[in-house]
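Peer 1: The structure under discussion is supplied below as structure tokens; questions concerning it will follow.
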Amino acid sequence: MHDLPILLTPDYRHILSFVSAIPLSFDFGPRPRPVPELPPGDPQRDDVKRLRESLSREVAAKVMNATELIRALDKARRDESIPTTLAPFDTLLGGGLPRGKMVELTGRRATGRFAIAMSALAAATSMGEAAVLVDLGDHFDPRNAEENGVDLRRMLWIRPKTLKQAVMSAEMITATGFQLVVLDVGLHPIRGRRVPDAAWVRLGRTAEAHGAAMMISTPYPLTATASEAVVVMEHARAKWLGKGNAPRVLAGSTADLRLGKHRHRKAGVRASVELHVAEASGQEKPGTPTRRLDDSSTRPLLVSR
Amino acid sequence: MTRIAALFVPMFPLAARLRSEPELLTEALAIVEGNGNAAHIVAATRRARTKGIKPGHSLAQARSLVPKLIARGRDVECERTAQEALLEAAETFSPRVEDAGEGLVFIDVTGMERHFASEEELGKAALRACDNVGLPARCGIAASKLAARVAAELPKSPTIVPAGGEAAFLAPLPLRRLTPALDAATTLQRWGIGSIGDLARLPEPEVASRLGELGRELHYAARGIDPRPLIPRAMPPEFREGMELEWPLVALEPFLFIASAALDRLAKRLEVQGFACKRLEVTMNLEPDGHHARAIELPAPTRDVKTMLTLIRLDLEKTPPGAPVTGFSIVAHPDRPRRAQLSLFGPAALSPEKLATTIARLISMLGDDRVGMAVPVDGHLPERYAIGPFAPPPPPDLKRGPRKSHGLIATRVFRPPIPVEVITRERGNGELEITSIQGEGDISGPVRASAGPWQTDAEWWAPAPGVREYWDVELERGGVYRTYRGGEGAQWFVDARFD
């Protein structure tokens with residue numbers, strides 16, 4: 001304990017003051033989690049090293065100064081994903097949209113591409129993150145998005161006119177610090193001419209530099225090798241209620257998901273995603289609020305049947 | 001003891017012009033007042049002065065000395081904005097600042113010794129502040145405005161006059177330092193009085209009896225007594241920059257080049273005061289007469305010159321002034337930049353200033369109705385929406401998990417709705433069903449299943465009420481669409497796709 005006086009010197013007061021503020025230090029299991037090292041050349045590096053050496057192993061693992069704390073939090077944040085909370089999609093990607101990476105979602109016709117984008121936006125905004133929708137096709141419906149759980153106050157809506165503008169907007173806004181950027185290029189044919197592949201590489205690097213999760217929703221492959229993963233949506237089928245002469249109601253749709261490419265996971269894995277129409281009461285997934293056919297808040301129609 | 005600092009810009013018309021056109025600093029430049037034969041030199045750059053040009057020379061005399069002399073007329077707008085910049089630099093030291101005009105300001109620096117090691121350090125800091133706004137100033141600090149001004153006019157700067165030493169400081173100086181345009185100078189010269197000290201030594205009643213009230217005031221000044229108090233100016237509600245142009249500008253690019261420099265100066269002034277710009281007013285003087293004014297609202301307070309310049313460019317491209325521009329002024333209405341406390345443990349917060357600047361740039365690129373927060377509008381017509389300014393609430397202090405997805409199908413709306421032709425038939429129970437749709441692109445072909453109609457009767461009070469019948473339609477080739485029949489002639493439209 002000959003090093004004990006060091007703990008009381010002013011240089012170490014700020015280190016000790018952070019011990020109680022580190023949530024990570026209280027969740028340790030049997031083995032202490034390794035503490036990130038200070039960068040070489042940091043004047044505090046030797047002091048912290050001596051301090052840790054003077055403490056027992058368990059306590060030393062819990063000591064962290066402000067620089068290490070910020071680095072650890074930043075690293076932890078970057079290692080996370082933003083889940084869409086659609087289980088099949090999240091499972092394919094290993095937890096959701098990875099931060100700092102670009103994921104391409106490809107699908108022609110009515111495959112549920114837009115619904116997955118809405119789910120990602122809803123999940124991010126419900127976590128308190130700021131999100132962006134770059135809506136090249138101008139297809140966004142605010143009321144439908146609210147139904148899907150998107151907090152519109154936390155979502156910036158950008159409506160570019162060409163693909164070039166859309167990519168530029170996405171790059172600019174990513175650099176601002178938004179944590180989820182969804183670029184929906186709309187339907188076939190895409191508005192505006194194609195942009196060079198280098199633009200997608202650059203967009204991916206911007207996402208990486210700022211730790212933002214980026215999703216490109218497109219009717220056909222666009223981003224080539226720039227994406228971390230490509231998810232293909234295919235074989236969409238609508239589900240109807242009512243047969244024969246009975247009145248019919250659209251109940252939802254199903255589509256197959258296929259992992260077309262992933263840098264760290266095996267490609268070709270398949271899953272199926274099922275989506276529901278809000279009005280088809282009785283068909284909601286457990287936990288979702290019951291919606292009625294005449295509920296004008298779920299669908300802006302007056303129903304008479 | 002009151003302490004007053006005077007900031008004085010020598011050859012102010014020239015300094016103001018060089019602030020707007022700094023590339024002329026090394027040229028032989030003269031500032032001219034008056035027109036035609038009455039045009040005379042007011043100030044000249046060092047290069048011109050070394051060739052013999054002096055204030056008071058006529059332009060013809062000056063040109064005979066330096067044939068390639070660049071002559072610029074006095075620019076009222078330039079001088080006004082330079083004076084504003086000088087005042088703002090002074091206001092960074094004290095809120096009590098008096099505008100004495102023509103490149104001279106007084107600052108009440110009483111009590112400032114606590115913030116600076118010495119008055120000399122204070123003076124040097126004031127000179128640096130003036131230098132930052134592009135004005136080469138001199139500084140004098142004394143107990144009275146008069147002594148401070150005289151001290152500021154001396155070449156060695158900063159000049160500090162110790163408290164109570166005003167009379168001793170003034171005594172050896174020539175009489176013209178007291179006031180340059182002295183009417184009684186000739187009389188005093190006849191009396192054999194050359195310095196301020198000589199005048200101070202004369203008995204006051206005798207001077208007053210011979211020169212009147214002017215003589216009494218002059219005698220007071222010579223003894224270093226200045227009863228005039230410092231009159232602080234009110235803070236201006238806006239920041240202005242501008243200049244008169246040598247020749248009218250017709251093209252947009254040259255104008256933007258000059259406007260960019262003015263915006264750069266504005267941004268620096270706003271930064272000094274800790275402000276950002278929330279509204280720009282651009283006024284252009286047109287040839288032969290008249291002016292054109294416009295106001296540009298910024299989405300959020302910003303100091304980003306590129307953003308402001310792009311907004312001005314877009315505005316001018318949209319509505320050109322319609323005549324050559326002979327001068328301009330840009331007024332920036334200040335506002336406090338948005339600030340936010342960033343969170344350590346919660347989700348990453350956005351920097352308000354960075355966000356404001358990016359949104360302004362996006363608006364300048366895409367248009368003001370294409371960037372913002374989506375706002376649903378009450379009503380039964382699904383195409384209704386609004387777009388508002390994006391001002392997200394602060395993120396939560398601690399991280400929280402996502403809410404589980406509703407797993408709902410989304411609607412991808414078409415703006416405007418796509419007109420289609422629809423073929424229907426009657427089912428066994430007497431209800432209609434859609435059998436085929438003819439539209440553009442993918443929205444065409446036989447129908448696999450359809451459901452409807454859902455009727456809506458919105459805005460019955462309007463001249464064209466929204467009476468519609470909606471159907472959900474799945475095509476054989478794939479794709480589920482929302483169609484409706486309504487409007488004049490009961491035409492069919494596809495207004496959304498379920499996706």
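Just remember, in the structure tokens the first chain shown is A, the second B, etc., residues are 1-based per chain, and ligands are 1-based in the order shown.
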Could you please write out, as a ChimeraX atom specification, every residue of region 101-334 of chain B that DSSP assigns to helix (DSSP H, G or I)?

Peer 2: /B:112-114,119-132,145-153,166-170,175-177,185-190,196-201,204-222,252-273,305-318

Peer 1: Which residues come within 8 Å of Ala82 (chain B), counting only C-alpha atoms, excluding same-chain residues fewer than 4 positions away, as an MDAnalysis selection string?

Peer 2: chainID B and resid 16 19 78 86 103 135

Peer 1: Could you take the residues named above and write them with N, CA and C atoms, as an mmCIF file, in the first residue's frame?

Peer 2:
data_model
loop_
_atom_site.group_PDB
_atom_site.id
_atom_site.type_symbol
_atom_site.label_atom_id
_atom_site.label_comp_id
_atom_site.auth_asym_id
_atom_site.auth_seq_id
_atom_site.Cartn_x
_atom_site.Cartn_y
_atom_site.Cartn_z
ATOM 1 N N ALA B 16 -11.298 52.475 -44.642
ATOM 2 C CA ALA B 16 -12.595 51.845 -44.901
ATOM 3 C C ALA B 16 -12.619 51.216 -46.286
ATOM 4 N N ARG B 19 -10.532 48.101 -46.389
ATOM 5 C CA ARG B 19 -11.182 46.991 -45.691
ATOM 6 C C ARG B 19 -12.071 46.229 -46.675
ATOM 7 N N CYS B 78 -19.279 52.133 -47.313
ATOM 8 C CA CYS B 78 -18.050 51.497 -46.794
ATOM 9 C C CYS B 78 -17.659 52.107 -45.452
ATOM 10 N N LEU B 86 -15.700 49.059 -36.211
ATOM 11 C CA LEU B 86 -14.821 49.613 -35.168
ATOM 12 C C LEU B 86 -15.554 49.659 -33.824
ATOM 13 N N GLY B 103 -14.058 57.272 -37.836
ATOM 14 C CA GLY B 103 -12.962 56.429 -37.377
ATOM 15 C C GLY B 103 -12.494 56.705 -35.974
ATOM 16 N N LEU B 135 -9.169 46.930 -39.621
ATOM 17 C CA LEU B 135 -8.953 48.366 -39.485
ATOM 18 C C LEU B 135 -7.666 48.616 -38.698
#

Peer 1: Kindly provide, as a count of residues only, the residues of chain A having any atom no farther than 7 Å from an atom of chain B, counting only C-alpha atoms.

Peer 2: 52

Peer 1: Please identify all polymer residues within 10 Å of His210 (chain A), counting only C-alpha atoms, omitting same-chain residues fewer than 2 positions from it, and present them as a ChimeraX atom specification.

Peer 2: /A:78,99-101,174-179,205-208,212-213

Peer 1: Could the residues in this selection be saved with N, CA, C and O atoms as a tab-separated table (two decimals), in the first residue's frame?

Peer 2:
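Result file follows (out_23.tsv):
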chain	number	residue	atom	x	y	z
A	78	ARG	N	-20.52	2.38	-31.38
A	78	ARG	CA	-20.27	1.97	-32.76
A	78	ARG	C	-20.46	0.48	-32.96
A	78	ARG	O	-20.75	0.04	-34.07
A	99	ARG	N	-24.25	0.14	-37.01
A	99	ARG	CA	-23.82	1.54	-37.04
A	99	ARG	C	-22.49	1.64	-37.79
A	99	ARG	O	-21.63	0.77	-37.65
A	100	GLY	N	-22.37	2.72	-38.55
A	100	GLY	CA	-21.14	2.93	-39.32
A	100	GLY	C	-21.07	2.11	-40.59
A	100	GLY	O	-20.02	2.06	-41.22
A	101	LYS	N	-22.17	1.46	-40.95
A	101	LYS	CA	-22.16	0.62	-42.16
A	101	LYS	C	-23.36	0.96	-43.03
A	101	LYS	O	-24.37	1.50	-42.56
A	174	THR	N	-25.53	13.01	-43.05
A	174	THR	CA	-24.82	12.02	-42.23
A	174	THR	C	-23.69	12.70	-41.46
A	174	THR	O	-23.45	12.39	-40.28
A	175	ALA	N	-23.02	13.62	-42.14
A	175	ALA	CA	-21.91	14.32	-41.49
A	175	ALA	C	-22.39	15.21	-40.35
A	175	ALA	O	-21.59	15.65	-39.52
A	176	THR	N	-23.69	15.49	-40.29
A	176	THR	CA	-24.23	16.33	-39.21
A	176	THR	C	-24.35	15.56	-37.91
A	176	THR	O	-24.42	16.15	-36.84
A	177	GLY	N	-24.41	14.22	-37.99
A	177	GLY	CA	-24.46	13.44	-36.76
A	177	GLY	C	-25.73	12.62	-36.58
A	177	GLY	O	-25.95	12.08	-35.51
A	178	PHE	N	-26.56	12.52	-37.61
A	178	PHE	CA	-27.76	11.68	-37.51
A	178	PHE	C	-27.31	10.22	-37.39
A	178	PHE	O	-26.38	9.80	-38.08
A	179	GLN	N	-27.99	9.45	-36.57
A	179	GLN	CA	-27.56	8.09	-36.31
A	179	GLN	C	-28.21	7.08	-37.25
A	179	GLN	O	-27.74	5.96	-37.38
A	205	ARG	N	-18.29	5.49	-46.64
A	205	ARG	CA	-17.21	5.97	-45.77
A	205	ARG	C	-17.68	7.09	-44.85
A	205	ARG	O	-17.22	7.20	-43.72
A	206	THR	N	-18.59	7.91	-45.35
A	206	THR	CA	-19.14	8.97	-44.50
A	206	THR	C	-19.89	8.34	-43.32
A	206	THR	O	-19.76	8.79	-42.18
A	207	ALA	N	-20.68	7.30	-43.63
A	207	ALA	CA	-21.41	6.61	-42.56
A	207	ALA	C	-20.45	6.02	-41.54
A	207	ALA	O	-20.67	6.10	-40.33
A	208	GLU	N	-19.36	5.46	-42.03
A	208	GLU	CA	-18.37	4.85	-41.15
A	208	GLU	C	-17.69	5.91	-40.28
A	208	GLU	O	-17.50	5.73	-39.08
A	212	ALA	N	-22.87	6.29	-38.33
A	212	ALA	CA	-24.32	6.27	-38.62
A	212	ALA	C	-24.71	4.97	-39.31
A	212	ALA	O	-23.96	4.44	-40.13
A	213	ALA	N	-25.87	4.47	-38.96
A	213	ALA	CA	-26.43	3.31	-39.68
A	213	ALA	C	-27.12	3.84	-40.92
A	213	ALA	O	-27.93	4.77	-40.83

Peer 1: For Val181 (chain A), list every protein, DNA or RNA residue within 7 Å, evaluated using only C-alpha atoms, and leave out those in the same chain fewer than 4 positions away; present the list as a PDB file with N, CA and C atoms, in the first residue's frame.

Peer 2:
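The result, stored in result_28.pdb:
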ATOM      1  N   ALA A 131     -33.246  10.674 -36.807  1.00  0.00           N
ATOM      2  CA  ALA A 131     -33.175   9.878 -38.034  1.00  0.00           C
ATOM      3  C   ALA A 131     -33.549  10.746 -39.225  1.00  0.00           C
ATOM      4  N   VAL A 132     -33.144  10.279 -40.394  1.00  0.00           N
ATOM      5  CA  VAL A 132     -33.426  11.015 -41.637  1.00  0.00           C
ATOM      6  C   VAL A 132     -34.019  10.066 -42.656  1.00  0.00           C
ATOM      7  N   LEU A 133     -35.005  10.541 -43.376  1.00  0.00           N
ATOM      8  CA  LEU A 133     -35.495   9.810 -44.548  1.00  0.00           C
ATOM      9  C   LEU A 133     -35.234  10.678 -45.765  1.00  0.00           C
ATOM     10  N   THR A 174     -25.529  13.007 -43.048  1.00  0.00           N
ATOM     11  CA  THR A 174     -24.820  12.020 -42.229  1.00  0.00           C
ATOM     12  C   THR A 174     -23.691  12.702 -41.457  1.00  0.00           C
ATOM     13  N   ALA A 213     -25.874   4.466 -38.959  1.00  0.00           N
ATOM     14  CA  ALA A 213     -26.427   3.311 -39.676  1.00  0.00           C
ATOM     15  C   ALA A 213     -27.122   3.842 -40.925  1.00  0.00           C
ATOM     16  N   MET A 214     -26.806   3.250 -42.057  1.00  0.00           N
ATOM     17  CA  MET A 214     -27.366   3.764 -43.306  1.00  0.00           C
ATOM     18  C   MET A 214     -28.067   2.640 -44.066  1.00  0.00           C
ATOM     19  N   MET A 215     -29.271   2.904 -44.502  1.00  0.00           N
ATOM     20  CA  MET A 215     -30.024   1.903 -45.261  1.00  0.00           C
ATOM     21  C   MET A 215     -30.400   2.500 -46.614  1.00  0.00           C
TER      22      MET A 215
END

Peer 1: Could you list, as a PyMOL selection string, every residue within 7 Å of Gly107 (chain A), counting only C-alpha atoms and ignoring same-chain residues fewer than 2 positions away?

Peer 2: chain A and resi 105+109+111+113+218-220+232-234

Peer 1: Could you jot down the CA of His291 (chain B) to CA of Val325 (chain B) separation for me, Å, one decimal place?

Peer 2: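 Calculated distance between CA of His291 (chain B) and CA of Val325 (chain B) is 8.6 Å.
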
Peer 1: Show which residues sit within 9 Å of Arg240 (chain B), as a compact mmCIF listing (two decimals) with N, CA, C and O atoms, in the first residue's frame. Count only C-alpha atoms, and ignore same-chain residues fewer than 2 positions away.

Peer 2:
# COMPACT_ATOMS: atom_id res chain seq x y z
N ARG B 80 -19.50 53.75 -43.35
CA ARG B 80 -20.48 53.48 -42.29
C ARG B 80 -20.26 52.08 -41.71
O ARG B 80 -20.26 51.89 -40.49
N THR B 81 -20.05 51.11 -42.60
CA THR B 81 -19.87 49.74 -42.10
C THR B 81 -18.53 49.60 -41.37
O THR B 81 -18.43 48.87 -40.39
N GLU B 84 -19.06 50.90 -37.99
CA GLU B 84 -19.80 49.90 -37.21
C GLU B 84 -18.87 48.81 -36.71
O GLU B 84 -18.94 48.38 -35.55
N GLU B 238 -29.17 45.41 -35.62
CA GLU B 238 -28.81 44.69 -36.83
C GLU B 238 -27.37 44.98 -37.21
O GLU B 238 -26.76 45.93 -36.71
N GLY B 242 -21.84 46.69 -46.78
CA GLY B 242 -22.19 47.02 -48.15
C GLY B 242 -21.18 47.93 -48.77
O GLY B 242 -20.21 48.33 -48.12
N LEU B 266 -19.42 40.30 -42.36
CA LEU B 266 -20.59 40.22 -41.47
C LEU B 266 -20.46 39.05 -40.49
O LEU B 266 -20.73 39.19 -39.29
N SER B 329 -26.29 46.82 -50.00
CA SER B 329 -26.04 46.67 -48.56
C SER B 329 -26.72 45.38 -48.11
O SER B 329 -27.79 45.03 -48.60
N ILE B 330 -26.06 44.69 -47.20
CA ILE B 330 -26.60 43.45 -46.65
C ILE B 330 -26.77 43.66 -45.15
O ILE B 330 -25.82 44.02 -44.46
N VAL B 331 -27.98 43.46 -44.68
CA VAL B 331 -28.27 43.62 -43.26
C VAL B 331 -28.52 42.24 -42.66
O VAL B 331 -29.34 41.48 -43.19
N ALA B 332 -27.81 41.94 -41.60
CA ALA B 332 -28.02 40.65 -40.92
C ALA B 332 -28.73 40.92 -39.60
O ALA B 332 -28.27 41.74 -38.80
N HIS B 333 -29.86 40.26 -39.40
CA HIS B 333 -30.56 40.38 -38.12
C HIS B 333 -30.02 39.31 -37.19
O HIS B 333 -30.08 38.12 -37.51

Peer 1: May I have the residues within 12 Å of Leu211 (chain B) as a short mmCIF file (atom, residue, chain, number, x, y, z; two decimals) with N, CA and C atoms, in the first residue's frame, using only C-alpha atoms and disregarding those fewer than 3 positions away in the same chain?

Peer 2:
data_model
loop_
_atom_site.label_atom_id
_atom_site.label_comp_id
_atom_site.auth_asym_id
_atom_site.auth_seq_id
_atom_site.Cartn_x
_atom_site.Cartn_y
_atom_site.Cartn_z
N ASP B 183 -10.10 77.81 -35.45
CA ASP B 183 -10.29 79.12 -36.09
C ASP B 183 -9.34 80.15 -35.50
N ALA B 184 -9.06 79.99 -34.20
CA ALA B 184 -8.24 81.01 -33.53
C ALA B 184 -6.76 80.74 -33.69
N ALA B 185 -6.41 79.78 -34.55
CA ALA B 185 -5.00 79.38 -34.67
C ALA B 185 -4.13 80.56 -35.12
N THR B 186 -4.63 81.32 -36.08
CA THR B 186 -3.84 82.44 -36.61
C THR B 186 -3.59 83.47 -35.52
N THR B 187 -4.64 83.78 -34.76
CA THR B 187 -4.52 84.76 -33.67
C THR B 187 -3.48 84.31 -32.66
N LEU B 188 -3.59 83.04 -32.28
CA LEU B 188 -2.67 82.51 -31.27
C LEU B 188 -1.23 82.51 -31.80
N GLU B 204 -6.39 82.54 -17.60
CA GLU B 204 -7.66 82.17 -18.25
C GLU B 204 -8.56 83.39 -18.53
N PRO B 205 -8.73 84.35 -17.53
CA PRO B 205 -9.63 85.48 -17.82
C PRO B 205 -9.15 86.32 -19.00
N GLU B 206 -7.84 86.42 -19.14
CA GLU B 206 -7.31 87.25 -20.23
C GLU B 206 -7.61 86.60 -21.59
N VAL B 207 -7.42 85.29 -21.65
CA VAL B 207 -7.73 84.57 -22.92
C VAL B 207 -9.21 84.67 -23.22
N ALA B 208 -10.04 84.50 -22.16
CA ALA B 208 -11.50 84.56 -22.37
C ALA B 208 -11.93 85.95 -22.81
N LEU B 214 -15.01 80.60 -26.86
CA LEU B 214 -14.12 79.64 -27.51
C LEU B 214 -12.76 79.62 -26.82
N GLY B 215 -12.30 80.82 -26.48
CA GLY B 215 -11.00 80.93 -25.81
C GLY B 215 -11.00 80.24 -24.46
N ARG B 216 -12.14 80.37 -23.73
CA ARG B 216 -12.22 79.74 -22.41
C ARG B 216 -12.17 78.21 -22.53
N GLU B 217 -12.94 77.72 -23.51
CA GLU B 217 -12.95 76.25 -23.71
C GLU B 217 -11.58 75.75 -24.13
N LEU B 218 -10.92 76.55 -24.98
CA LEU B 218 -9.60 76.17 -25.47
C LEU B 218 -8.59 76.12 -24.32
N HIS B 219 -8.73 77.08 -23.44
CA HIS B 219 -7.82 77.14 -22.29
C HIS B 219 -8.04 75.94 -21.37
#

Peer 1: In terms of the shortest atom-to-atom distance over only C-alpha atoms, which of A:Leu97, A:Ala66, A:Val195, A:Val182 is closest to Glu80 (chain A)?

Peer 2: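 Closest residue, counting only C-alpha atoms: A:Leu97.
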
Peer 1: Let's see if you can do this: from backbone DSSP, list all strand (DSSP E) residues in region 110-290 of chain A, as an MDAnalysis selection string.

Peer 2: chainID A and resid 131:135 155:158 180:184 213:218 229:241 249:262 270:276

Peer 1: Which of these, B:Leu104, B:Ala490, B:Ile296, B:Ala152, has the shortest distance to Arg313 (chain B) once you count only C-alpha atoms?

Peer 2: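 When distances to Arg313 (chain B) are compared using only C-alpha atoms, the smallest one comes from B:Ile296.
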
Peer 1: With only C-alpha atoms as the basis for distance, which of A:Leu241, A:Ala229, A:Leu183, A:Met64 is at the shortest distance from Gly94 (chain A)?

Peer 2: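 Smallest separation from Gly94 (chain A) among the options: A:Ala229.
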